[in-house]
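Participant: What follows is the file coords00.pdb, containing PDB, C-alpha atoms:
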```pdb
ATOM      1  CA  MET A   1      17.077  -3.192  23.638  1.00  0.00           C
ATOM      2  CA  GLU A   2      14.044  -0.946  23.276  1.00  0.00           C
ATOM      3  CA  PRO A   3      14.881   2.662  22.389  1.00  0.00           C
ATOM      4  CA  THR A   4      13.793   5.306  24.868  1.00  0.00           C
ATOM      5  CA  PRO A   5      13.158   9.004  24.266  1.00  0.00           C
ATOM      6  CA  GLU A   6      15.931   9.883  26.736  1.00  0.00           C
ATOM      7  CA  LYS A   7      18.491   7.638  25.015  1.00  0.00           C
ATOM      8  CA  LEU A   8      17.466   8.989  21.624  1.00  0.00           C
ATOM      9  CA  ALA A   9      17.796  12.605  22.814  1.00  0.00           C
ATOM     10  CA  ALA A  10      21.271  11.916  24.221  1.00  0.00           C
ATOM     11  CA  GLU A  11      22.399  10.264  20.973  1.00  0.00           C
ATOM     12  CA  ILE A  12      21.025  13.124  18.873  1.00  0.00           C
ATOM     13  CA  GLN A  13      22.854  15.600  21.102  1.00  0.00           C
ATOM     14  CA  ARG A  14      26.102  13.618  20.775  1.00  0.00           C
ATOM     15  CA  LEU A  15      25.781  13.421  16.999  1.00  0.00           C
ATOM     16  CA  GLY A  16      24.792  17.095  16.817  1.00  0.00           C
ATOM     17  CA  GLN A  17      27.977  18.071  18.632  1.00  0.00           C
ATOM     18  CA  SER A  18      29.989  15.886  16.258  1.00  0.00           C
ATOM     19  CA  PHE A  19      28.317  17.460  13.212  1.00  0.00           C
ATOM     20  CA  ALA A  20      28.956  20.948  14.609  1.00  0.00           C
ATOM     21  CA  GLU A  21      32.657  20.145  14.280  1.00  0.00           C
ATOM     22  CA  ARG A  22      32.500  18.318  10.938  1.00  0.00           C
ATOM     23  CA  ARG A  23      29.837  18.462   8.248  1.00  0.00           C
ATOM     24  CA  TYR A  24      29.494  16.441   5.068  1.00  0.00           C
ATOM     25  CA  PRO A  25      28.290  18.753   2.248  1.00  0.00           C
ATOM     26  CA  GLU A  26      29.679  16.525  -0.528  1.00  0.00           C
ATOM     27  CA  VAL A  27      27.769  13.538   0.845  1.00  0.00           C
ATOM     28  CA  SER A  28      24.676  15.702   1.272  1.00  0.00           C
ATOM     29  CA  ARG A  29      24.764  16.819  -2.383  1.00  0.00           C
ATOM     30  CA  ALA A  30      25.339  13.229  -3.528  1.00  0.00           C
ATOM     31  CA  LEU A  31      22.431  11.989  -1.396  1.00  0.00           C
ATOM     32  CA  HIS A  32      20.107  14.614  -2.877  1.00  0.00           C
ATOM     33  CA  ALA A  33      21.188  13.621  -6.400  1.00  0.00           C
ATOM     34  CA  ALA A  34      20.806   9.905  -5.629  1.00  0.00           C
ATOM     35  CA  ILE A  35      17.211  10.095  -4.382  1.00  0.00           C
ATOM     36  CA  PRO A  36      15.460   8.898  -7.596  1.00  0.00           C
ATOM     37  CA  GLY A  37      17.787   5.890  -7.972  1.00  0.00           C
ATOM     38  CA  THR A  38      17.561   5.115  -4.271  1.00  0.00           C
ATOM     39  CA  VAL A  39      13.772   5.146  -4.324  1.00  0.00           C
ATOM     40  CA  ARG A  40      13.686   2.787  -7.333  1.00  0.00           C
ATOM     41  CA  GLY A  41      16.244   0.462  -5.782  1.00  0.00           C
ATOM     42  CA  TRP A  42      14.486   0.505  -2.427  1.00  0.00           C
ATOM     43  CA  ARG A  43      11.129  -0.418  -3.958  1.00  0.00           C
ATOM     44  CA  THR A  44      12.587  -3.240  -6.071  1.00  0.00           C
ATOM     45  CA  ARG A  45      14.576  -4.788  -3.223  1.00  0.00           C
ATOM     46  CA  SER A  46      11.766  -4.377  -0.695  1.00  0.00           C
ATOM     47  CA  ILE A  47       9.215  -6.188  -2.852  1.00  0.00           C
ATOM     48  CA  GLU A  48      11.714  -8.936  -3.655  1.00  0.00           C
ATOM     49  CA  ALA A  49      12.322  -9.470   0.072  1.00  0.00           C
ATOM     50  CA  MET A  50       8.728  -8.879   1.239  1.00  0.00           C
ATOM     51  CA  PRO A  51       6.209  -9.392  -1.603  1.00  0.00           C
ATOM     52  CA  TYR A  52       3.301  -8.378   0.645  1.00  0.00           C
ATOM     53  CA  LEU A  53       4.551  -4.770   0.515  1.00  0.00           C
ATOM     54  CA  ASP A  54       3.193  -4.611  -3.034  1.00  0.00           C
ATOM     55  CA  THR A  55      -0.217  -3.959  -1.448  1.00  0.00           C
ATOM     56  CA  LEU A  56       0.898  -0.497  -0.358  1.00  0.00           C
ATOM     57  CA  SER A  57       0.462   2.638  -2.419  1.00  0.00           C
ATOM     58  CA  LEU A  58       3.525   3.015  -4.622  1.00  0.00           C
ATOM     59  CA  ALA A  59       3.295   6.785  -4.997  1.00  0.00           C
ATOM     60  CA  GLY A  60       2.711   7.385  -1.291  1.00  0.00           C
ATOM     61  CA  PHE A  61       5.636   5.306  -0.200  1.00  0.00           C
ATOM     62  CA  GLU A  62       7.975   6.633  -2.852  1.00  0.00           C
ATOM     63  CA  GLN A  63       7.113  10.126  -1.678  1.00  0.00           C
ATOM     64  CA  SER A  64       7.655   9.204   1.985  1.00  0.00           C
ATOM     65  CA  ILE A  65      11.022   7.556   1.267  1.00  0.00           C
ATOM     66  CA  ALA A  66      12.112  10.557  -0.838  1.00  0.00           C
ATOM     67  CA  SER A  67      11.144  12.882   2.037  1.00  0.00           C
ATOM     68  CA  THR A  68      13.127  10.764   4.494  1.00  0.00           C
ATOM     69  CA  LEU A  69      16.132  10.827   2.154  1.00  0.00           C
ATOM     70  CA  HIS A  70      15.920  14.629   1.888  1.00  0.00           C
ATOM     71  CA  LEU A  71      15.939  14.815   5.693  1.00  0.00           C
ATOM     72  CA  LEU A  72      18.951  12.488   5.798  1.00  0.00           C
ATOM     73  CA  ALA A  73      20.814  14.583   3.209  1.00  0.00           C
ATOM     74  CA  ASN A  74      20.002  17.821   5.043  1.00  0.00           C
ATOM     75  CA  ALA A  75      21.165  16.295   8.329  1.00  0.00           C
ATOM     76  CA  MET A  76      24.529  15.318   6.814  1.00  0.00           C
ATOM     77  CA  GLU A  77      25.499  18.985   6.510  1.00  0.00           C
ATOM     78  CA  CYS A  78      23.738  20.267   9.611  1.00  0.00           C
ATOM     79  CA  ASP A  79      25.935  22.048  12.145  1.00  0.00           C
ATOM     80  CA  ASP A  80      23.177  22.963  14.604  1.00  0.00           C
ATOM     81  CA  PRO A  81      22.289  20.263  17.184  1.00  0.00           C
ATOM     82  CA  ALA A  82      18.769  21.678  17.646  1.00  0.00           C
ATOM     83  CA  ARG A  83      18.098  21.565  13.900  1.00  0.00           C
ATOM     84  CA  LEU A  84      19.525  18.051  13.681  1.00  0.00           C
ATOM     85  CA  ASN A  85      17.148  17.060  16.470  1.00  0.00           C
ATOM     86  CA  ARG A  86      14.193  18.458  14.490  1.00  0.00           C
ATOM     87  CA  LEU A  87      15.293  16.642  11.315  1.00  0.00           C
ATOM     88  CA  VAL A  88      15.632  13.289  13.099  1.00  0.00           C
ATOM     89  CA  GLU A  89      12.344  13.695  14.971  1.00  0.00           C
ATOM     90  CA  GLU A  90      10.554  14.604  11.735  1.00  0.00           C
ATOM     91  CA  SER A  91      11.696  11.427   9.959  1.00  0.00           C
ATOM     92  CA  PRO A  92       8.949   9.071  11.262  1.00  0.00           C
ATOM     93  CA  ALA A  93       6.230  11.408  10.043  1.00  0.00           C
ATOM     94  CA  HIS A  94       6.941  10.302   6.481  1.00  0.00           C
ATOM     95  CA  GLY A  95       5.034   7.116   5.833  1.00  0.00           C
ATOM     96  CA  ILE A  96       4.703   5.621   9.296  1.00  0.00           C
ATOM     97  CA  LEU A  97       1.029   6.549   9.651  1.00  0.00           C
ATOM     98  CA  ARG A  98       0.141   4.563   6.519  1.00  0.00           C
ATOM     99  CA  PHE A  99       2.693   1.886   7.232  1.00  0.00           C
ATOM    100  CA  HIS A 100       1.731   0.966  10.793  1.00  0.00           C
ATOM    101  CA  GLN A 101      -1.824   0.065   9.873  1.00  0.00           C
ATOM    102  CA  HIS A 102      -0.653  -2.913   7.839  1.00  0.00           C
ATOM    103  CA  PHE A 103       2.677  -4.128   9.214  1.00  0.00           C
ATOM    104  CA  GLY A 104       4.608  -4.403  12.440  1.00  0.00           C
ATOM    105  CA  PRO A 105       7.966  -3.176  13.710  1.00  0.00           C
ATOM    106  CA  GLU A 106       9.852  -6.092  12.159  1.00  0.00           C
ATOM    107  CA  THR A 107       8.805  -4.949   8.671  1.00  0.00           C
ATOM    108  CA  LEU A 108       9.738  -1.365   9.530  1.00  0.00           C
ATOM    109  CA  LEU A 109      13.206  -2.512  10.617  1.00  0.00           C
ATOM    110  CA  ALA A 110      13.653  -4.681   7.511  1.00  0.00           C
ATOM    111  CA  GLU A 111      12.680  -1.759   5.296  1.00  0.00           C
ATOM    112  CA  GLU A 112      15.190   0.468   7.041  1.00  0.00           C
ATOM    113  CA  ARG A 113      17.972  -2.080   6.456  1.00  0.00           C
ATOM    114  CA  ILE A 114      17.085  -2.371   2.772  1.00  0.00           C
ATOM    115  CA  LEU A 115      16.983   1.416   2.403  1.00  0.00           C
ATOM    116  CA  ARG A 116      20.354   1.712   4.116  1.00  0.00           C
ATOM    117  CA  SER A 117      21.976  -0.748   1.696  1.00  0.00           C
ATOM    118  CA  VAL A 118      20.461   0.946  -1.365  1.00  0.00           C
ATOM    119  CA  VAL A 119      21.590   4.375  -0.125  1.00  0.00           C
ATOM    120  CA  VAL A 120      25.172   3.137   0.230  1.00  0.00           C
ATOM    121  CA  ILE A 121      25.145   1.719  -3.315  1.00  0.00           C
ATOM    122  CA  GLU A 122      23.644   4.873  -4.844  1.00  0.00           C
ATOM    123  CA  LEU A 123      25.891   7.130  -2.801  1.00  0.00           C
ATOM    124  CA  ARG A 124      28.981   5.274  -4.031  1.00  0.00           C
ATOM    125  CA  HIS A 125      27.736   5.767  -7.586  1.00  0.00           C
ATOM    126  CA  GLU A 126      27.035   9.509  -7.119  1.00  0.00           C
ATOM    127  CA  LEU A 127      30.315  10.214  -5.313  1.00  0.00           C
ATOM    128  CA  GLY A 128      32.354   8.173  -7.766  1.00  0.00           C
ATOM    129  CA  ARG A 129      34.060   6.577  -4.779  1.00  0.00           C
ATOM    130  CA  SER A 130      33.238   4.755  -1.585  1.00  0.00           C
ATOM    131  CA  PRO A 131      32.322   6.955   1.366  1.00  0.00           C
ATOM    132  CA  THR A 132      35.209   7.515   3.772  1.00  0.00           C
ATOM    133  CA  ALA A 133      35.072   5.752   7.127  1.00  0.00           C
ATOM    134  CA  ASP A 134      34.081   9.043   8.774  1.00  0.00           C
ATOM    135  CA  GLU A 135      31.293   9.719   6.231  1.00  0.00           C
ATOM    136  CA  ALA A 136      29.995   6.152   6.480  1.00  0.00           C
ATOM    137  CA  ALA A 137      29.986   6.279  10.291  1.00  0.00           C
ATOM    138  CA  ALA A 138      28.057   9.575  10.295  1.00  0.00           C
ATOM    139  CA  LEU A 139      25.561   8.234   7.760  1.00  0.00           C
ATOM    140  CA  HIS A 140      25.002   5.032   9.724  1.00  0.00           C
ATOM    141  CA  ASP A 141      24.618   6.974  12.981  1.00  0.00           C
ATOM    142  CA  LEU A 142      21.900   9.073  11.324  1.00  0.00           C
ATOM    143  CA  PHE A 143      20.166   5.981   9.977  1.00  0.00           C
ATOM    144  CA  ASP A 144      20.268   4.409  13.439  1.00  0.00           C
ATOM    145  CA  LEU A 145      18.768   7.506  15.055  1.00  0.00           C
ATOM    146  CA  MET A 146      16.057   7.877  12.413  1.00  0.00           C
ATOM    147  CA  GLY A 147      15.239   4.165  12.717  1.00  0.00           C
ATOM    148  CA  GLU A 148      14.994   4.378  16.504  1.00  0.00           C
ATOM    149  CA  CYS A 149      12.838   7.484  16.236  1.00  0.00           C
ATOM    150  CA  SER A 150      10.508   5.690  13.792  1.00  0.00           C
ATOM    151  CA  LEU A 151      10.355   2.644  16.053  1.00  0.00           C
ATOM    152  CA  LEU A 152       9.472   4.818  19.052  1.00  0.00           C
ATOM    153  CA  ALA A 153       6.756   6.559  17.044  1.00  0.00           C
ATOM    154  CA  LEU A 154       5.338   3.200  15.915  1.00  0.00           C
ATOM    155  CA  MET A 155       5.331   1.803  19.453  1.00  0.00           C
ATOM    156  CA  LYS A 156       3.656   4.977  20.760  1.00  0.00           C
ATOM    157  CA  MET A 157       0.924   4.725  18.098  1.00  0.00           C
ATOM    158  CA  ARG A 158       0.340   1.064  18.922  1.00  0.00           C
ATOM    159  CA  ARG A 159       0.051   1.850  22.667  1.00  0.00           C
ATOM    160  CA  GLU A 160      -2.383   4.689  21.989  1.00  0.00           C
ATOM    161  CA  GLU A 161      -4.507   2.473  19.736  1.00  0.00           C
ATOM    162  CA  HIS A 162      -4.524  -0.259  22.375  1.00  0.00           C
ATOM    163  CA  ASP A 163      -5.508   2.238  25.110  1.00  0.00           C
ATOM    164  CA  GLN A 164      -8.334   3.575  22.928  1.00  0.00           C
ATOM    165  CA  ALA A 165      -9.605   0.054  22.253  1.00  0.00           C
ATOM    166  CA  VAL A 166      -9.625  -0.737  25.978  1.00  0.00           C
ATOM    167  CA  GLN A 167     -11.455   2.511  26.725  1.00  0.00           C
ATOM    168  CA  GLU A 168     -14.064   1.679  24.072  1.00  0.00           C
ATOM    169  CA  ARG A 169     -14.624  -1.770  25.599  1.00  0.00           C
ATOM    170  CA  VAL A 170     -15.019  -0.244  29.072  1.00  0.00           C
ATOM    171  CA  ARG A 171     -17.522   2.316  27.732  1.00  0.00           C
ATOM    172  CA  GLY A 172     -19.415  -0.504  26.033  1.00  0.00           C
ATOM    173  CA  MET A 173     -19.527  -2.458  29.286  1.00  0.00           C
ATOM    174  CA  HIS A 174     -20.839   0.629  31.110  1.00  0.00           C
ATOM    175  CA  ARG A 175     -23.555   1.063  28.468  1.00  0.00           C
ATOM    176  CA  LEU A 176     -24.562  -2.569  28.861  1.00  0.00           C
ATOM    177  CA  ALA A 177     -24.633  -2.187  32.647  1.00  0.00           C
ATOM    178  CA  ASP A 178     -26.780   0.971  32.328  1.00  0.00           C
ATOM    179  CA  LEU A 179     -29.107  -0.844  29.932  1.00  0.00           C
ATOM    180  CA  GLY A 180     -29.331  -3.774  32.355  1.00  0.00           C
ATOM    181  CA  THR A 181     -30.187  -1.414  35.196  1.00  0.00           C
ATOM    182  CA  LEU A 182     -32.812   0.290  33.055  1.00  0.00           C
ATOM    183  CA  VAL A 183     -34.395  -3.033  32.022  1.00  0.00           C
ATOM    184  CA  ALA A 184     -34.305  -4.343  35.593  1.00  0.00           C
ATOM    185  CA  GLY A 185     -35.922  -1.131  36.887  1.00  0.00           C
TER     186      GLY A 185
END
```
Step by step, read the file and then write its structure as structure tokens.

Facilitator:
Amino acid sequence: MEPTPEKLAAEIQRLGQSFAERRYPEVSRALHAAIPGTVRGWRTRSIEAMPYLDTLSLAGFEQSIASTLHLLANAMECDDPARLNRLVEESPAHGILRFHQHFGPETLLAEERILRSVVVIELRHELGRSPTADEAAALHDLFDLMGECSLLALMKMRREEHDQAVQERVRGMHRLADLGTLVAG
């Protein structure tokens, strides 16, 4: 089912209320500490699964993934629904502009799944234990929301690009019609 802005807003609000009651500072600290290992693991697994990703700028994507992970870590200890909303909405800004020019939503979703698995592995290592069921559920809810937000942003960009292309073709047809009128006159 395609995510909608309304559904996303309702889910963010629900999660924000949940986080207002219970935050996860230990998980947040572990996520911040695990960022370098997560980025390395993400890159290795992504290229193994999708070798064509090797064409993308390594530094740019490592930076965008690190930024997304910082947002995720900050969100895990956020107790303000409005701030959580800003953190989730900011997540697509990191990397999606470069990413969408080369690959489609299916690659974006695959990357998100790989990142999720690497985060869980690195988080287990940093915590020295497996996340509790409550921590894991909160983390997965955040990943889901950030993924949906990124997917919405990608679909919006694609629609805008398509609309611009159609407008350019219409302008070109008008120019040709004007030229035809001028030549005929």

Participant: Pick out the residues sitting within 10 Å of A:Pro81, and hand them over as a ChimeraX atom specification; count all atoms listed in the file, and ignore anything fewer than 6 positions along from it in its own chain.

Facilitator: /A:12-20,75,87

Participant: I need the output of the PyMOL selection byres ((chain A and resi 3-9) around 8) for this file as a count of residues only; which residues are they?

Facilitator: 12

Participant: Please enclose the listed atoms of stretch 136-147 of chain A in an axis-aligned box, pad each side by 4 Å, and write out the centre and the three edge lengths in Å, rounded to one decimal, as AutoDock Vina command-line options.

Facilitator:
```
--center_x 22.6 --center_y 6.9 --center_z 10.8 --size_x 22.8 --size_y 13.4 --size_z 16.6
```

Participant: Name all residues at most 10 Å from A:Asp144 (count all atoms listed in the file; drop same-chain ones fewer than 6 positions away) and give them as number ranges by chain.

Facilitator: A: 8, 11, 112-113, 116, 138, 150

Participant: For atom CA of A:Val27 and atom CA of A:Val120, determine how far apart the two atoms are, in Å to one decimal place.

Facilitator: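 Calculated distance between atom CA of A:Val27 and atom CA of A:Val120 is 10.7 Å.
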
Participant: Residues within 8 Å of stretch 35-39 of chain A, please, as number ranges by chain. Count all atoms listed in the file; anything in the same chain fewer than 2 positions from it doesn't count.

Facilitator: A: 31-33, 41-43, 62, 65-66, 69-70, 115, 118-119, 122

Participant: Hey, what's within 10 Å of A:Glu90 if we count only C-alpha atoms and toss same-chain stuff fewer than 2 positions away? As a PyMOL selection string, please?

Facilitator: chain A and resi 67-68+71+84-88+92-94+146+149-150

Participant: What would stretch 123-143 of chain A look like with N, CA and C atoms restored, written as a PDB file, in the frame of the given file?

Facilitator:
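Here's the written file out-v3.pdb:
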```pdb
ATOM      1  N   LEU A 123      24.954   6.103  -3.226  1.00  0.00           N
ATOM      2  CA  LEU A 123      25.891   7.130  -2.801  1.00  0.00           C
ATOM      3  C   LEU A 123      27.271   6.874  -3.406  1.00  0.00           C
ATOM      4  N   ARG A 124      27.689   5.630  -3.416  1.00  0.00           N
ATOM      5  CA  ARG A 124      28.981   5.274  -4.031  1.00  0.00           C
ATOM      6  C   ARG A 124      28.977   5.672  -5.509  1.00  0.00           C
ATOM      7  N   HIS A 125      27.857   5.418  -6.175  1.00  0.00           N
ATOM      8  CA  HIS A 125      27.736   5.767  -7.586  1.00  0.00           C
ATOM      9  C   HIS A 125      27.806   7.289  -7.780  1.00  0.00           C
ATOM     10  N   GLU A 126      27.066   8.047  -6.986  1.00  0.00           N
ATOM     11  CA  GLU A 126      27.035   9.509  -7.119  1.00  0.00           C
ATOM     12  C   GLU A 126      28.366  10.156  -6.765  1.00  0.00           C
ATOM     13  N   LEU A 127      29.040   9.644  -5.732  1.00  0.00           N
ATOM     14  CA  LEU A 127      30.315  10.214  -5.313  1.00  0.00           C
ATOM     15  C   LEU A 127      31.452   9.819  -6.251  1.00  0.00           C
ATOM     16  N   GLY A 128      31.276   8.683  -6.933  1.00  0.00           N
ATOM     17  CA  GLY A 128      32.354   8.173  -7.766  1.00  0.00           C
ATOM     18  C   GLY A 128      33.440   7.494  -6.945  1.00  0.00           C
ATOM     19  N   ARG A 129      33.133   7.222  -5.706  1.00  0.00           N
ATOM     20  CA  ARG A 129      34.060   6.577  -4.779  1.00  0.00           C
ATOM     21  C   ARG A 129      33.246   6.018  -3.605  1.00  0.00           C
ATOM     22  N   SER A 130      33.893   5.215  -2.807  1.00  0.00           N
ATOM     23  CA  SER A 130      33.238   4.755  -1.585  1.00  0.00           C
ATOM     24  C   SER A 130      33.280   5.870  -0.548  1.00  0.00           C
ATOM     25  N   PRO A 131      32.259   5.963   0.289  1.00  0.00           N
ATOM     26  CA  PRO A 131      32.322   6.955   1.366  1.00  0.00           C
ATOM     27  C   PRO A 131      33.524   6.668   2.275  1.00  0.00           C
ATOM     28  N   THR A 132      34.119   7.713   2.815  1.00  0.00           N
ATOM     29  CA  THR A 132      35.209   7.515   3.772  1.00  0.00           C
ATOM     30  C   THR A 132      34.642   6.868   5.028  1.00  0.00           C
ATOM     31  N   ALA A 133      35.517   6.375   5.878  1.00  0.00           N
ATOM     32  CA  ALA A 133      35.072   5.752   7.127  1.00  0.00           C
ATOM     33  C   ALA A 133      34.289   6.752   7.973  1.00  0.00           C
ATOM     34  N   ASP A 134      34.751   7.991   8.006  1.00  0.00           N
ATOM     35  CA  ASP A 134      34.081   9.043   8.774  1.00  0.00           C
ATOM     36  C   ASP A 134      32.684   9.340   8.203  1.00  0.00           C
ATOM     37  N   GLU A 135      32.585   9.458   6.882  1.00  0.00           N
ATOM     38  CA  GLU A 135      31.293   9.719   6.231  1.00  0.00           C
ATOM     39  C   GLU A 135      30.331   8.556   6.460  1.00  0.00           C
ATOM     40  N   ALA A 136      30.841   7.332   6.295  1.00  0.00           N
ATOM     41  CA  ALA A 136      29.995   6.152   6.480  1.00  0.00           C
ATOM     42  C   ALA A 136      29.503   6.051   7.919  1.00  0.00           C
ATOM     43  N   ALA A 137      30.382   6.331   8.881  1.00  0.00           N
ATOM     44  CA  ALA A 137      29.986   6.279  10.291  1.00  0.00           C
ATOM     45  C   ALA A 137      28.894   7.313  10.591  1.00  0.00           C
ATOM     46  N   ALA A 138      29.057   8.524  10.077  1.00  0.00           N
ATOM     47  CA  ALA A 138      28.057   9.575  10.295  1.00  0.00           C
ATOM     48  C   ALA A 138      26.720   9.184   9.661  1.00  0.00           C
ATOM     49  N   LEU A 139      26.775   8.653   8.455  1.00  0.00           N
ATOM     50  CA  LEU A 139      25.561   8.234   7.760  1.00  0.00           C
ATOM     51  C   LEU A 139      24.850   7.118   8.524  1.00  0.00           C
ATOM     52  N   HIS A 140      25.610   6.144   8.982  1.00  0.00           N
ATOM     53  CA  HIS A 140      25.002   5.032   9.724  1.00  0.00           C
ATOM     54  C   HIS A 140      24.457   5.495  11.078  1.00  0.00           C
ATOM     55  N   ASP A 141      25.146   6.422  11.729  1.00  0.00           N
ATOM     56  CA  ASP A 141      24.618   6.974  12.981  1.00  0.00           C
ATOM     57  C   ASP A 141      23.275   7.656  12.744  1.00  0.00           C
ATOM     58  N   LEU A 142      23.174   8.415  11.649  1.00  0.00           N
ATOM     59  CA  LEU A 142      21.900   9.073  11.324  1.00  0.00           C
ATOM     60  C   LEU A 142      20.810   8.052  11.032  1.00  0.00           C
ATOM     61  N   PHE A 143      21.146   7.034  10.250  1.00  0.00           N
ATOM     62  CA  PHE A 143      20.166   5.981   9.977  1.00  0.00           C
ATOM     63  C   PHE A 143      19.697   5.329  11.273  1.00  0.00           C
TER      64      PHE A 143
END
```
